[in-house]
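upload-v7.tsv (TSV, C-alpha atoms) appears below.
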chain	number	residue	atom	x	y	z
Z	436	MET	CA	0.00	0.00	0.00
Z	437	GLU	CA	2.71	2.43	-0.97
Z	438	ILE	CA	1.53	6.00	-1.55
Z	439	GLN	CA	3.27	7.45	-4.61
Z	440	THR	CA	3.65	11.17	-5.29
Z	441	ASN	CA	3.39	13.21	-8.50
Z	442	PHE	CA	1.92	10.13	-10.19
Z	443	SER	CA	1.02	10.09	-13.90
Z	444	LEU	CA	-2.60	9.11	-14.62
Z	445	LYS	CA	-2.10	8.76	-18.39
Z	446	ASN	CA	-2.48	4.96	-18.23
Z	447	TYR	CA	-5.39	5.19	-15.80
Z	448	ASN	CA	-7.88	7.05	-18.03
Z	449	THR	CA	-9.16	5.75	-21.36
Z	450	PHE	CA	-8.79	9.17	-23.03
Z	451	GLY	CA	-5.04	8.81	-22.44
Z	452	ILE	CA	-4.83	12.34	-21.05
Z	453	GLU	CA	-1.59	13.28	-19.34
Z	454	ALA	CA	-2.47	14.49	-15.84
Z	455	LYS	CA	-0.77	14.05	-12.49
Z	456	ALA	CA	-2.07	12.98	-9.08
Z	457	THR	CA	-0.47	14.68	-6.08
Z	458	GLN	CA	-0.63	11.28	-4.37
Z	459	PHE	CA	-1.70	7.85	-5.63
Z	460	VAL	CA	-2.40	4.51	-3.94
Z	461	ALA	CA	-4.09	1.29	-5.06
Z	462	ALA	CA	-6.46	-0.69	-2.81
Z	463	HIS	CA	-6.50	-4.43	-3.57
Z	464	ASN	CA	-9.05	-5.52	-0.96
Z	465	VAL	CA	-11.59	-4.09	1.49
Z	466	ALA	CA	-9.14	-4.19	4.44
Z	467	GLU	CA	-6.57	-2.13	2.50
Z	468	LEU	CA	-9.23	0.37	1.45
Z	469	LYS	CA	-10.37	0.76	5.07
Z	470	THR	CA	-6.79	1.36	6.23
Z	471	ILE	CA	-6.11	3.93	3.48
Z	472	LEU	CA	-9.25	5.89	4.41
Z	473	GLU	CA	-8.57	5.68	8.17
Z	474	GLU	CA	-4.93	6.80	7.84
Z	475	ASN	CA	-5.70	9.71	5.50
Z	476	LYS	CA	-8.83	11.13	7.08
Z	477	SER	CA	-7.91	14.78	6.65
Z	478	GLN	CA	-6.85	14.48	3.03
Z	479	ARG	CA	-8.93	15.30	0.00
Z	480	LYS	CA	-9.61	12.05	-1.86
Z	481	PHE	CA	-10.43	11.08	-5.43
Z	482	ILE	CA	-11.77	7.59	-6.17
Z	483	LEU	CA	-10.57	6.03	-9.43
Z	484	GLY	CA	-12.04	2.92	-11.03
Z	485	GLY	CA	-11.38	1.94	-14.63
Z	486	GLY	CA	-10.99	5.56	-15.75
Z	487	SER	CA	-13.42	4.98	-18.61
Z	488	ASN	CA	-16.02	7.61	-17.86
Z	489	MET	CA	-14.03	10.70	-17.10
Z	490	LEU	CA	-12.26	13.55	-18.82
Z	491	LEU	CA	-9.28	14.93	-16.91
Z	492	THR	CA	-8.89	18.65	-17.56
Z	493	LYS	CA	-6.32	19.29	-14.81
Z	494	ASP	CA	-3.98	17.60	-12.35
Z	495	ILE	CA	-5.73	16.04	-9.35
Z	496	GLU	CA	-4.56	17.68	-6.16
Z	497	ALA	CA	-5.71	14.89	-3.87
Z	498	LEU	CA	-4.97	11.35	-2.78
Z	499	VAL	CA	-6.14	9.28	-5.74
Z	500	ILE	CA	-7.35	5.87	-4.52
Z	501	HIS	CA	-7.43	3.31	-7.32
Z	502	ILE	CA	-10.04	0.60	-6.61
Z	503	ASP	CA	-8.34	-2.64	-7.71
Z	504	LEU	CA	-10.41	-5.24	-5.83
Z	505	LYS	CA	-10.55	-8.54	-7.76
Z	506	GLY	CA	-12.64	-11.71	-7.59
Z	507	LYS	CA	-16.04	-13.12	-8.56
Z	508	LYS	CA	-18.21	-15.90	-7.16
Z	509	ILE	CA	-21.67	-17.44	-7.16
Z	510	ILE	CA	-23.38	-16.60	-3.88
Z	511	LYS	CA	-26.80	-18.19	-4.44
Z	512	GLU	CA	-28.73	-20.09	-7.10
Z	513	THR	CA	-32.06	-21.70	-7.90
Z	514	ASP	CA	-33.14	-23.80	-10.89
Z	515	ASP	CA	-33.82	-20.60	-12.87
Z	516	PHE	CA	-31.54	-17.91	-11.47
Z	517	VAL	CA	-28.03	-17.35	-10.16
Z	518	TRP	CA	-26.73	-14.49	-8.02
Z	519	VAL	CA	-23.14	-13.62	-8.97
Z	520	GLU	CA	-20.95	-11.24	-6.95
Z	521	SER	CA	-18.09	-9.41	-8.62
Z	522	GLN	CA	-15.51	-7.27	-6.88
Z	523	ALA	CA	-15.39	-3.64	-8.01
Z	524	GLY	CA	-11.99	-3.80	-9.72
Z	525	GLU	CA	-12.92	-6.57	-12.18
Z	526	ASN	CA	-12.87	-5.50	-15.83
Z	527	TRP	CA	-16.50	-5.22	-16.97
Z	528	HIS	CA	-16.14	-6.83	-20.41
Z	529	GLU	CA	-14.11	-9.75	-19.02
Z	530	PHE	CA	-16.77	-10.26	-16.34
Z	531	VAL	CA	-19.54	-10.25	-18.98
Z	532	LEU	CA	-17.66	-12.87	-21.03
Z	533	TRP	CA	-17.20	-15.00	-17.90
Z	534	THR	CA	-20.97	-14.95	-17.19
Z	535	ILE	CA	-21.68	-15.97	-20.79
Z	536	ASP	CA	-19.16	-18.83	-20.55
Z	537	GLN	CA	-21.14	-20.08	-17.52
Z	538	ASN	CA	-24.36	-19.76	-19.62
Z	539	PHE	CA	-25.69	-17.05	-17.30
Z	540	GLY	CA	-27.94	-14.61	-19.17
Z	541	GLY	CA	-28.63	-10.92	-18.78
Z	542	LEU	CA	-25.40	-9.02	-19.50
Z	543	GLU	CA	-24.67	-10.10	-23.09
Z	544	ASN	CA	-26.03	-6.89	-24.68
Z	545	MET	CA	-23.53	-4.88	-22.63
Z	546	SER	CA	-20.44	-6.67	-23.98
Z	547	LEU	CA	-17.34	-4.54	-24.72
Z	548	ILE	CA	-18.39	-1.53	-22.63
Z	549	PRO	CA	-15.13	-0.11	-21.18
Z	550	GLY	CA	-14.56	0.22	-17.46
Z	551	ASN	CA	-14.75	-1.81	-14.27
Z	552	VAL	CA	-17.66	-3.50	-12.51
Z	553	GLY	CA	-17.70	-1.13	-9.52
Z	554	THR	CA	-18.57	1.94	-11.56
Z	555	THR	CA	-21.39	0.32	-13.57
Z	556	PRO	CA	-24.15	1.11	-11.03
Z	557	VAL	CA	-22.98	4.73	-10.69
Z	558	GLN	CA	-23.88	5.47	-14.32
Z	559	ASN	CA	-26.51	2.74	-14.64
Z	560	ILE	CA	-24.63	1.86	-17.82
Z	561	GLY	CA	-26.57	0.42	-20.71
Z	562	ALA	CA	-26.45	-0.62	-24.36
Z	563	TYR	CA	-28.70	-2.20	-26.98
Z	564	GLY	CA	-31.90	-2.06	-24.97
Z	565	THR	CA	-30.55	-3.17	-21.58
Z	566	GLU	CA	-29.28	-1.35	-18.49
Z	567	ILE	CA	-27.53	-2.39	-15.27
Z	568	LYS	CA	-30.77	-1.96	-13.32
Z	569	ASP	CA	-32.31	-4.87	-15.30
Z	570	THR	CA	-29.99	-7.44	-13.63
Z	571	PHE	CA	-28.69	-5.52	-10.60
Z	572	ASP	CA	-29.52	-7.11	-7.24
Z	573	SER	CA	-27.43	-5.12	-4.75
Z	574	CYS	CA	-24.01	-3.65	-4.08
Z	575	GLU	CA	-21.71	-3.31	-1.11
Z	576	ALA	CA	-20.19	0.10	-0.46
Z	577	MET	CA	-17.85	1.58	2.12
Z	578	SER	CA	-18.63	4.89	3.78
Z	579	MET	CA	-15.83	7.36	3.14
Z	580	GLU	CA	-16.60	9.07	6.42
Z	581	ASN	CA	-16.57	6.18	8.91
Z	582	GLN	CA	-15.50	3.15	6.79
Z	583	GLU	CA	-18.67	1.22	7.66
Z	584	MET	CA	-20.06	-1.13	5.01
Z	585	LYS	CA	-23.57	-0.66	3.65
Z	586	THR	CA	-25.64	-2.80	1.28
Z	587	PHE	CA	-27.64	-0.87	-1.33
Z	588	THR	CA	-30.67	-2.64	-2.81
Z	589	LYS	CA	-31.89	-1.89	-6.32
Z	590	ALA	CA	-34.66	0.37	-4.96
Z	591	GLU	CA	-32.16	2.28	-2.80
Z	592	CYS	CA	-29.96	3.01	-5.82
Z	593	HIS	CA	-32.63	5.25	-7.44
Z	594	PHE	CA	-31.66	4.18	-10.94
Z	595	GLY	CA	-32.58	6.44	-13.87
Z	596	TYR	CA	-31.24	7.01	-17.37
Z	597	ARG	CA	-27.45	7.09	-16.73
Z	598	GLU	CA	-28.34	8.11	-13.16
Z	599	SER	CA	-28.17	6.65	-9.67
Z	600	ILE	CA	-27.97	7.71	-6.02
Z	601	PHE	CA	-24.17	7.57	-6.40
Z	602	LYS	CA	-24.25	10.48	-8.86
Z	603	ASN	CA	-26.64	12.47	-6.70
Z	604	GLU	CA	-27.44	12.22	-2.97
Z	605	ALA	CA	-24.63	9.75	-2.19
Z	606	LYS	CA	-22.01	11.34	-4.44
Z	607	ASP	CA	-18.54	11.30	-2.81
Z	608	CYS	CA	-20.01	9.52	0.24
Z	609	TYR	CA	-19.48	5.85	-0.64
Z	610	ILE	CA	-17.03	3.63	-2.51
Z	611	ILE	CA	-18.63	0.61	-4.19
Z	612	THR	CA	-16.58	-2.50	-3.34
Z	613	SER	CA	-18.67	-5.26	-4.97
Z	614	VAL	CA	-21.84	-5.75	-7.03
Z	615	VAL	CA	-24.32	-8.64	-7.11
Z	616	PHE	CA	-26.21	-9.46	-10.32
Z	617	LYS	CA	-29.23	-11.75	-10.65
Z	618	LEU	CA	-28.82	-13.64	-13.93
Z	619	THR	CA	-30.81	-16.35	-15.69
Z	620	LYS	CA	-29.68	-19.99	-15.86
Z	621	ARG	CA	-32.31	-21.03	-18.38
Z	622	ASN	CA	-35.21	-19.51	-20.36
Z	623	HIS	CA	-32.90	-16.60	-21.18
Z	624	LYS	CA	-34.60	-13.40	-22.36
Z	625	ILE	CA	-32.64	-12.90	-25.55
Z	626	ASP	CA	-33.14	-9.32	-26.79
Z	627	THR	CA	-32.07	-8.66	-30.38
Z	628	SER	CA	-34.60	-5.91	-31.10
Z	629	TYR	CA	-32.34	-2.91	-30.54
Z	630	GLY	CA	-29.96	-1.29	-32.99
Z	631	ASP	CA	-28.18	-3.46	-35.53
Z	632	ILE	CA	-28.13	-6.76	-33.62
Z	633	THR	CA	-30.73	-8.46	-35.83
Z	634	GLY	CA	-28.86	-7.43	-38.99
Z	635	GLU	CA	-25.53	-8.64	-37.62
Z	636	LEU	CA	-27.04	-12.02	-36.70
Z	637	ALA	CA	-28.68	-12.30	-40.14
Z	638	LYS	CA	-25.29	-11.66	-41.79
Z	639	ASN	CA	-24.08	-14.81	-40.04
Z	640	ASN	CA	-27.27	-16.77	-40.83
Z	641	ILE	CA	-28.19	-17.04	-37.14
Z	642	THR	CA	-31.94	-17.34	-36.58
Z	643	ASN	CA	-32.00	-18.83	-33.06
Z	644	PRO	CA	-29.25	-16.90	-31.24
Z	645	THR	CA	-27.52	-18.01	-28.06
Z	646	LEU	CA	-26.11	-15.67	-25.39
Z	647	LYS	CA	-22.71	-16.02	-27.08
Z	648	ASP	CA	-24.19	-15.18	-30.50
Z	649	VAL	CA	-25.73	-11.97	-29.15
Z	650	SER	CA	-22.47	-11.02	-27.40
Z	651	HIS	CA	-20.45	-11.66	-30.58
Z	652	ALA	CA	-22.91	-9.53	-32.59
Z	653	VAL	CA	-22.69	-6.66	-30.08
Z	654	ILE	CA	-18.88	-6.87	-30.04
Z	655	ALA	CA	-18.76	-6.80	-33.87
Z	656	ILE	CA	-21.09	-3.77	-34.02
Z	657	ARG	CA	-19.20	-1.88	-31.31
Z	658	LYS	CA	-15.83	-2.60	-32.95
Z	659	SER	CA	-17.14	-1.33	-36.29
Z	660	LYS	CA	-18.34	1.93	-34.74
Z	661	LEU	CA	-16.22	2.57	-31.66
Z	662	PRO	CA	-12.44	2.92	-31.46
Z	663	ASP	CA	-10.45	0.76	-29.04
Z	664	PRO	CA	-9.25	3.10	-26.23
Z	665	LYS	CA	-5.88	1.30	-26.31
Z	666	GLU	CA	-5.41	2.48	-29.90
Z	667	LEU	CA	-7.29	5.80	-29.89
Z	668	GLY	CA	-8.06	7.59	-26.62
Z	669	ASN	CA	-11.80	7.89	-25.96
Z	670	SER	CA	-14.45	7.35	-23.32
Z	671	GLY	CA	-17.16	5.71	-25.41
Z	672	SER	CA	-20.33	7.78	-25.74
Z	673	PHE	CA	-19.52	11.30	-24.59
Z	674	PHE	CA	-23.13	12.56	-24.55
Z	675	LYS	CA	-26.45	11.27	-23.26
Z	676	ASN	CA	-29.33	10.87	-25.69
Z	677	PRO	CA	-31.65	13.78	-24.84
Z	678	ILE	CA	-35.13	12.96	-23.52
Z	679	LEU	CA	-37.83	15.45	-24.52
Z	680	LEU	CA	-41.46	15.90	-23.65
Z	681	LYS	CA	-43.58	14.82	-26.63
Z	682	THR	CA	-45.23	18.24	-26.75
Z	683	ASP	CA	-41.81	19.95	-27.12
Z	684	PHE	CA	-40.52	17.32	-29.55
Z	685	GLU	CA	-43.52	17.65	-31.86
Z	686	LYS	CA	-42.75	21.35	-32.45
Z	687	ILE	CA	-39.10	20.53	-33.26
Z	688	HIS	CA	-40.13	17.56	-35.42
Z	689	GLN	CA	-42.32	19.78	-37.59
Z	690	GLN	CA	-39.23	21.81	-38.42
Z	691	PHE	CA	-36.97	18.73	-38.82
Z	692	PRO	CA	-39.26	15.88	-40.03
Z	693	GLU	CA	-36.28	13.60	-40.76
Z	694	MET	CA	-35.19	13.65	-37.08
Z	695	LYS	CA	-34.89	10.17	-35.61
Z	696	TYR	CA	-36.56	9.41	-32.28
Z	697	TYR	CA	-37.79	6.63	-29.98
Z	698	GLU	CA	-40.91	6.80	-27.85
Z	699	ILE	CA	-39.98	5.83	-24.30
Z	700	SER	CA	-43.28	6.61	-22.57
Z	701	GLN	CA	-46.66	8.16	-23.28
Z	702	THR	CA	-45.21	11.60	-22.63
Z	703	GLU	CA	-41.50	11.33	-23.52
Z	704	VAL	CA	-39.31	10.81	-26.59
Z	705	LYS	CA	-35.59	10.00	-26.81
Z	706	VAL	CA	-33.60	11.57	-29.65
Z	707	PRO	CA	-30.25	10.00	-30.67
Z	708	ALA	CA	-27.53	12.51	-29.80
Z	709	GLY	CA	-25.28	10.92	-32.44
Z	710	TRP	CA	-27.80	11.79	-35.16
Z	711	LEU	CA	-27.96	15.42	-33.98
Z	712	ILE	CA	-24.15	15.73	-33.91
Z	713	GLU	CA	-23.80	14.15	-37.34
Z	714	GLN	CA	-26.47	16.42	-38.84
Z	715	ALA	CA	-24.65	19.43	-37.38
Z	716	GLY	CA	-21.56	18.42	-39.40
Z	717	PHE	CA	-19.23	17.31	-36.61
Z	718	LYS	CA	-18.79	13.61	-37.44
Z	719	GLY	CA	-15.14	12.95	-38.32
Z	720	LYS	CA	-14.08	16.57	-37.64
Z	721	ARG	CA	-10.72	17.21	-36.05
Z	722	PHE	CA	-9.51	20.16	-33.98
Z	723	GLY	CA	-5.78	19.56	-33.57
Z	724	ASP	CA	-5.44	16.32	-31.60
Z	725	ALA	CA	-9.04	16.49	-30.32
Z	726	GLY	CA	-11.86	15.35	-32.54
Z	727	ILE	CA	-15.06	13.42	-33.25
Z	728	HIS	CA	-14.77	9.83	-34.43
Z	729	LYS	CA	-15.35	9.20	-38.14
Z	730	ASN	CA	-17.67	6.23	-37.53
Z	731	GLN	CA	-19.61	7.37	-34.47
Z	732	ALA	CA	-20.45	11.00	-33.83
Z	733	LEU	CA	-21.16	10.33	-30.14
Z	734	VAL	CA	-17.50	9.52	-29.49
Z	735	LEU	CA	-14.93	12.26	-28.87
Z	736	VAL	CA	-11.34	11.13	-29.33
Z	737	ASN	CA	-7.77	12.01	-28.45
Z	738	TYR	CA	-5.58	11.57	-31.55
Z	739	GLY	CA	-2.43	11.66	-29.46
Z	740	ASN	CA	-1.59	14.67	-27.37
Z	741	ALA	CA	-4.90	16.47	-26.83
Z	742	THR	CA	-5.40	17.98	-23.40
Z	743	GLY	CA	-8.60	17.49	-21.45
Z	744	LYS	CA	-9.35	21.19	-21.87
Z	745	GLU	CA	-9.12	20.88	-25.66
Z	746	ILE	CA	-11.53	17.94	-25.71
Z	747	LEU	CA	-13.86	19.81	-23.36
Z	748	ALA	CA	-13.81	22.85	-25.68
Z	749	VAL	CA	-14.86	20.62	-28.61
Z	750	SER	CA	-17.70	19.16	-26.53
Z	751	LYS	CA	-18.95	22.64	-25.63
Z	752	GLU	CA	-18.87	23.75	-29.26
Z	753	ILE	CA	-20.95	20.70	-30.16
Z	754	GLN	CA	-23.47	21.45	-27.39
Z	755	GLU	CA	-23.80	25.10	-28.44
Z	756	THR	CA	-24.24	24.23	-32.13
Z	757	ILE	CA	-26.89	21.57	-31.39
Z	758	PHE	CA	-28.83	24.02	-29.25
Z	759	LYS	CA	-28.65	26.79	-31.87
Z	760	THR	CA	-29.61	24.40	-34.68
Z	761	PHE	CA	-32.30	22.24	-33.08
Z	762	GLY	CA	-33.19	23.94	-29.79
Z	763	ILE	CA	-32.13	20.76	-27.97
Z	764	HIS	CA	-29.64	20.65	-25.08
Z	765	ILE	CA	-27.39	17.57	-25.03
Z	766	GLU	CA	-25.76	16.69	-21.76
Z	767	ALA	CA	-22.33	15.11	-21.23
Z	768	GLU	CA	-22.42	11.51	-20.01
Z	769	VAL	CA	-18.71	11.62	-19.16
Z	770	ASN	CA	-17.66	13.13	-15.83
Z	771	VAL	CA	-15.52	16.22	-16.41
Z	772	ILE	CA	-12.83	16.54	-13.73

Give the structure from the file, written as C-alpha cells.
Amino acid sequence: MEIQTNFSLKNYNTFGIEAKATQFVAAHNVAELKTILEENKSQRKFILGGGSNMLLTKDIEALVIHIDLKGKKIIKETDDFVWVESQAGENWHEFVLWTIDQNFGGLENMSLIPGNVGTTPVQNIGAYGTEIKDTFDSCEAMSMENQEMKTFTKAECHFGYRESIFKNEAKDCYIITSVVFKLTKRNHKIDTSYGDITGELAKNNITNPTLKDVSHAVIAIRKSKLPDPKELGNSGSFFKNPILLKTDFEKIHQQFPEMKYYEISQTEVKVPAGWLIEQAGFKGKRFGDAGIHKNQALVLVNYGNATGKEILAVSKEIQETIFKTFGIHIEAEVNVI
C-alpha cells in the first residue's frame, strides 16, 4: 500500500490524457481500502475505477485511490436464477464474457463496454436495450466518512437514465466495493430488437441466437463503430441521448421531419444525440489532436496529445451548435474533472 507522489494518470484514463495525481495509492481488498481511508482522514480524496467515464482537464490535487479489488463468485442459485458477486476492480467486459461462458444470461447486450464492474451502477450503464438496473440485485459500499459497510438494494440506488444515487445524494459519500447481479440460468430473455443486432445475426445466418451469438454480434457492431481506447483515446459515448417531452418534440419535429426518435413513454421521446451531432456536421471533424470519431459522432477522441481542456472545448462547441440548430440541449455523459 505504498503512496506514490506526483503520479502520472495517463495509463489510468481511457482518453489517455496526461495528468498528475499529487498522491496515488491502489487498494486491492476491502481491508486495505479501510486502512487507506482511516490513515488519510484529513486528506482530499479522489476515487478512481477503470478511468473509462471521465475527462481529466487538470492535475488532481488529492490522494487518488485506485479501486483494484478482484474476484467473482456465485453466492446463491435456484433452478432458474443465479446471483453472482463481482468485486469492483474486475474489468466489466471480461466479467460479462465469464458470465456468458457459464451460460448465465442478462449481461450479453452490454459486452465490450469499457470500465470496471464497480462503476457500472454509478452510471446505470446500458447498451442495446438493456441497463444495469435490469440485472442488478445489490451492491456493497464503504462509507468514506466512517468506513462502515452498507448494502444498497436496487430500490435504494434510485436508478434512472445514466443516473443513480451515487451520482446524486450519495455522491462522494461511498465507494462501491462489490456488485451482485441476478442472472438467468435457463429460459434466457434474448433481446435482439435494438440497434443493428438483428442485422448482424442475419449476416451470419443465425436465426435462433444463443447468449454467445448476441455477445459476438454486439462486439462486432461496437468494434465497427467505436475505437479501441488502447489504440485511440476515448471514453465511449460522450453525450447522453436527450429525452424530450412529446409536446416539445412535436414542435421541433415539424421543423426537422427527418429527425430520428424513440418513444420511451406516453409523454417522452428519446432523440439519438449521435444523429444530432452528425447532422450538425461534426462527425469525423478534427480540432488539432481532439476530434469526433469518423464512424460514431457520439464519441470524442484524443488523436495523441490532446489535453482534457481541448476535448472539453470541442464538446462545448458541439453542445452550443446543437442548441442553436435544433433547440435541444445535449448533456455530457462523461464526468468532467

**Asked** Suppose you want the space between CA of Leu542 (chain Z) and CA of Pro644 (chain Z); what is it in Å?
**Response**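 CA of Pro644 (chain Z) lies at a distance of 14.7 Å from CA of Leu542 (chain Z).
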
**Top pick for closest residue to Phe539 (chain Z), considering Z:Ile509, Z:Ile632, Z:Val460, Z:Leu618 and counting all atoms listed in the file** =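 Looking only at the distances to Phe539 (chain Z), the closest residue turns out to be Z:Leu618.
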
**Request:** Within 6 Å of (-14.1, 11.9, -31.3) (coordinates as in the file), grab all the protein and nucleic acid residues, counting all atoms listed in the file, and write them out as a PyMOL selection string.
**Result:** chain Z and resi 726-728+734-736

**Request:** Select, from Z:Glu598, Z:Glu453, Z:Glu755, Z:Glu566, the residue with the minimum atom-to-atom distance to Asn544 (chain Z), counting all atoms listed in the file.
**Result:** Z:Glu566

**Message:** Which residue is closest to Gln478 (chain Z)? Choose from Z:Ser700, Z:Glu580, Z:Thr565, Z:Gly739 and count only C-alpha atoms.
**Reply:** Z:Glu580

**Item:** Residue nearest Arg597 (chain Z) - candidates Z:Ala767, Z:Met694, Z:Leu667, Z:Ile548, atoms counted: only C-alpha atoms
**Value:** Z:Ala767

**Asked** Could you name the residues that touch Ala576 (chain Z) at 10 Å or less, counting all atoms listed in the file, but leaving out those on the same chain fewer than 2 positions away, as a VMD selection string?
**Response** chain Z and resid 465 523 553 573 to 574 578 to 579 582 to 587 608 to 614

**Pairwise distance for CA of Pro662 (chain Z) and CA of Leu504 (chain Z), rounded to one decimal in Å** =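 Between CA of Pro662 (chain Z) and CA of Leu504 (chain Z) the gap is 27.0 Å.
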
**Asked** Suppose you want the space between CA of Val704 (chain Z) and CA of Asn603 (chain Z); what is it in Å?
**Response** 23.6 Å

**Request:** Find the residue from Z:His501, Z:Lys617, Z:Arg657, Z:Lys718 that sits nearest to Ser521 (chain Z); use only C-alpha atoms when measuring.
**Result:**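 Closest residue, counting only C-alpha atoms: Z:Lys617.
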
**Request:** Find the residue from Z:Ile438, Z:Ile757, Z:Ile471, Z:Leu491 that sits nearest to Phe450 (chain Z); use only C-alpha atoms when measuring.
**Result:**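 For Phe450 (chain Z), the nearest of the given residues is Z:Leu491.
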
Will you model N, CA and C atoms for region 692-704 of chain Z and pass it back as a PDB file, in the frame of the given file?
ATOM      1  N   PRO Z 692     -38.485  17.132 -39.944  1.00  0.00           N
ATOM      2  CA  PRO Z 692     -39.260  15.880 -40.030  1.00  0.00           C
ATOM      3  C   PRO Z 692     -38.411  14.619 -40.172  1.00  0.00           C
ATOM      4  N   GLU Z 693     -37.146  14.778 -40.587  1.00  0.00           N
ATOM      5  CA  GLU Z 693     -36.280  13.600 -40.760  1.00  0.00           C
ATOM      6  C   GLU Z 693     -35.603  13.183 -39.449  1.00  0.00           C
ATOM      7  N   MET Z 694     -35.843  13.934 -38.370  1.00  0.00           N
ATOM      8  CA  MET Z 694     -35.190  13.650 -37.080  1.00  0.00           C
ATOM      9  C   MET Z 694     -35.606  12.281 -36.544  1.00  0.00           C
ATOM     10  N   LYS Z 695     -34.611  11.492 -36.172  1.00  0.00           N
ATOM     11  CA  LYS Z 695     -34.890  10.170 -35.610  1.00  0.00           C
ATOM     12  C   LYS Z 695     -35.302  10.308 -34.145  1.00  0.00           C
ATOM     13  N   TYR Z 696     -36.119   9.368 -33.678  1.00  0.00           N
ATOM     14  CA  TYR Z 696     -36.560   9.410 -32.280  1.00  0.00           C
ATOM     15  C   TYR Z 696     -37.112   8.044 -31.872  1.00  0.00           C
ATOM     16  N   TYR Z 697     -37.194   7.842 -30.546  1.00  0.00           N
ATOM     17  CA  TYR Z 697     -37.790   6.630 -29.980  1.00  0.00           C
ATOM     18  C   TYR Z 697     -38.754   7.043 -28.881  1.00  0.00           C
ATOM     19  N   GLU Z 698     -39.953   6.530 -28.934  1.00  0.00           N
ATOM     20  CA  GLU Z 698     -40.910   6.800 -27.850  1.00  0.00           C
ATOM     21  C   GLU Z 698     -40.516   5.956 -26.645  1.00  0.00           C
ATOM     22  N   ILE Z 699     -40.364   6.593 -25.497  1.00  0.00           N
ATOM     23  CA  ILE Z 699     -39.980   5.830 -24.300  1.00  0.00           C
ATOM     24  C   ILE Z 699     -41.092   5.795 -23.256  1.00  0.00           C
ATOM     25  N   SER Z 700     -42.094   6.650 -23.444  1.00  0.00           N
ATOM     26  CA  SER Z 700     -43.280   6.610 -22.570  1.00  0.00           C
ATOM     27  C   SER Z 700     -44.399   7.348 -23.302  1.00  0.00           C
ATOM     28  N   GLN Z 701     -45.535   7.457 -22.654  1.00  0.00           N
ATOM     29  CA  GLN Z 701     -46.660   8.160 -23.280  1.00  0.00           C
ATOM     30  C   GLN Z 701     -46.392   9.653 -23.417  1.00  0.00           C
ATOM     31  N   THR Z 702     -45.448  10.147 -22.626  1.00  0.00           N
ATOM     32  CA  THR Z 702     -45.210  11.600 -22.630  1.00  0.00           C
ATOM     33  C   THR Z 702     -43.796  11.994 -23.063  1.00  0.00           C
ATOM     34  N   GLU Z 703     -42.896  10.990 -23.246  1.00  0.00           N
ATOM     35  CA  GLU Z 703     -41.500  11.330 -23.520  1.00  0.00           C
ATOM     36  C   GLU Z 703     -40.946  10.626 -24.765  1.00  0.00           C
ATOM     37  N   VAL Z 704     -39.972  11.304 -25.379  1.00  0.00           N
ATOM     38  CA  VAL Z 704     -39.310  10.810 -26.590  1.00  0.00           C
ATOM     39  C   VAL Z 704     -37.808  10.937 -26.397  1.00  0.00           C
TER      40      VAL Z 704
END
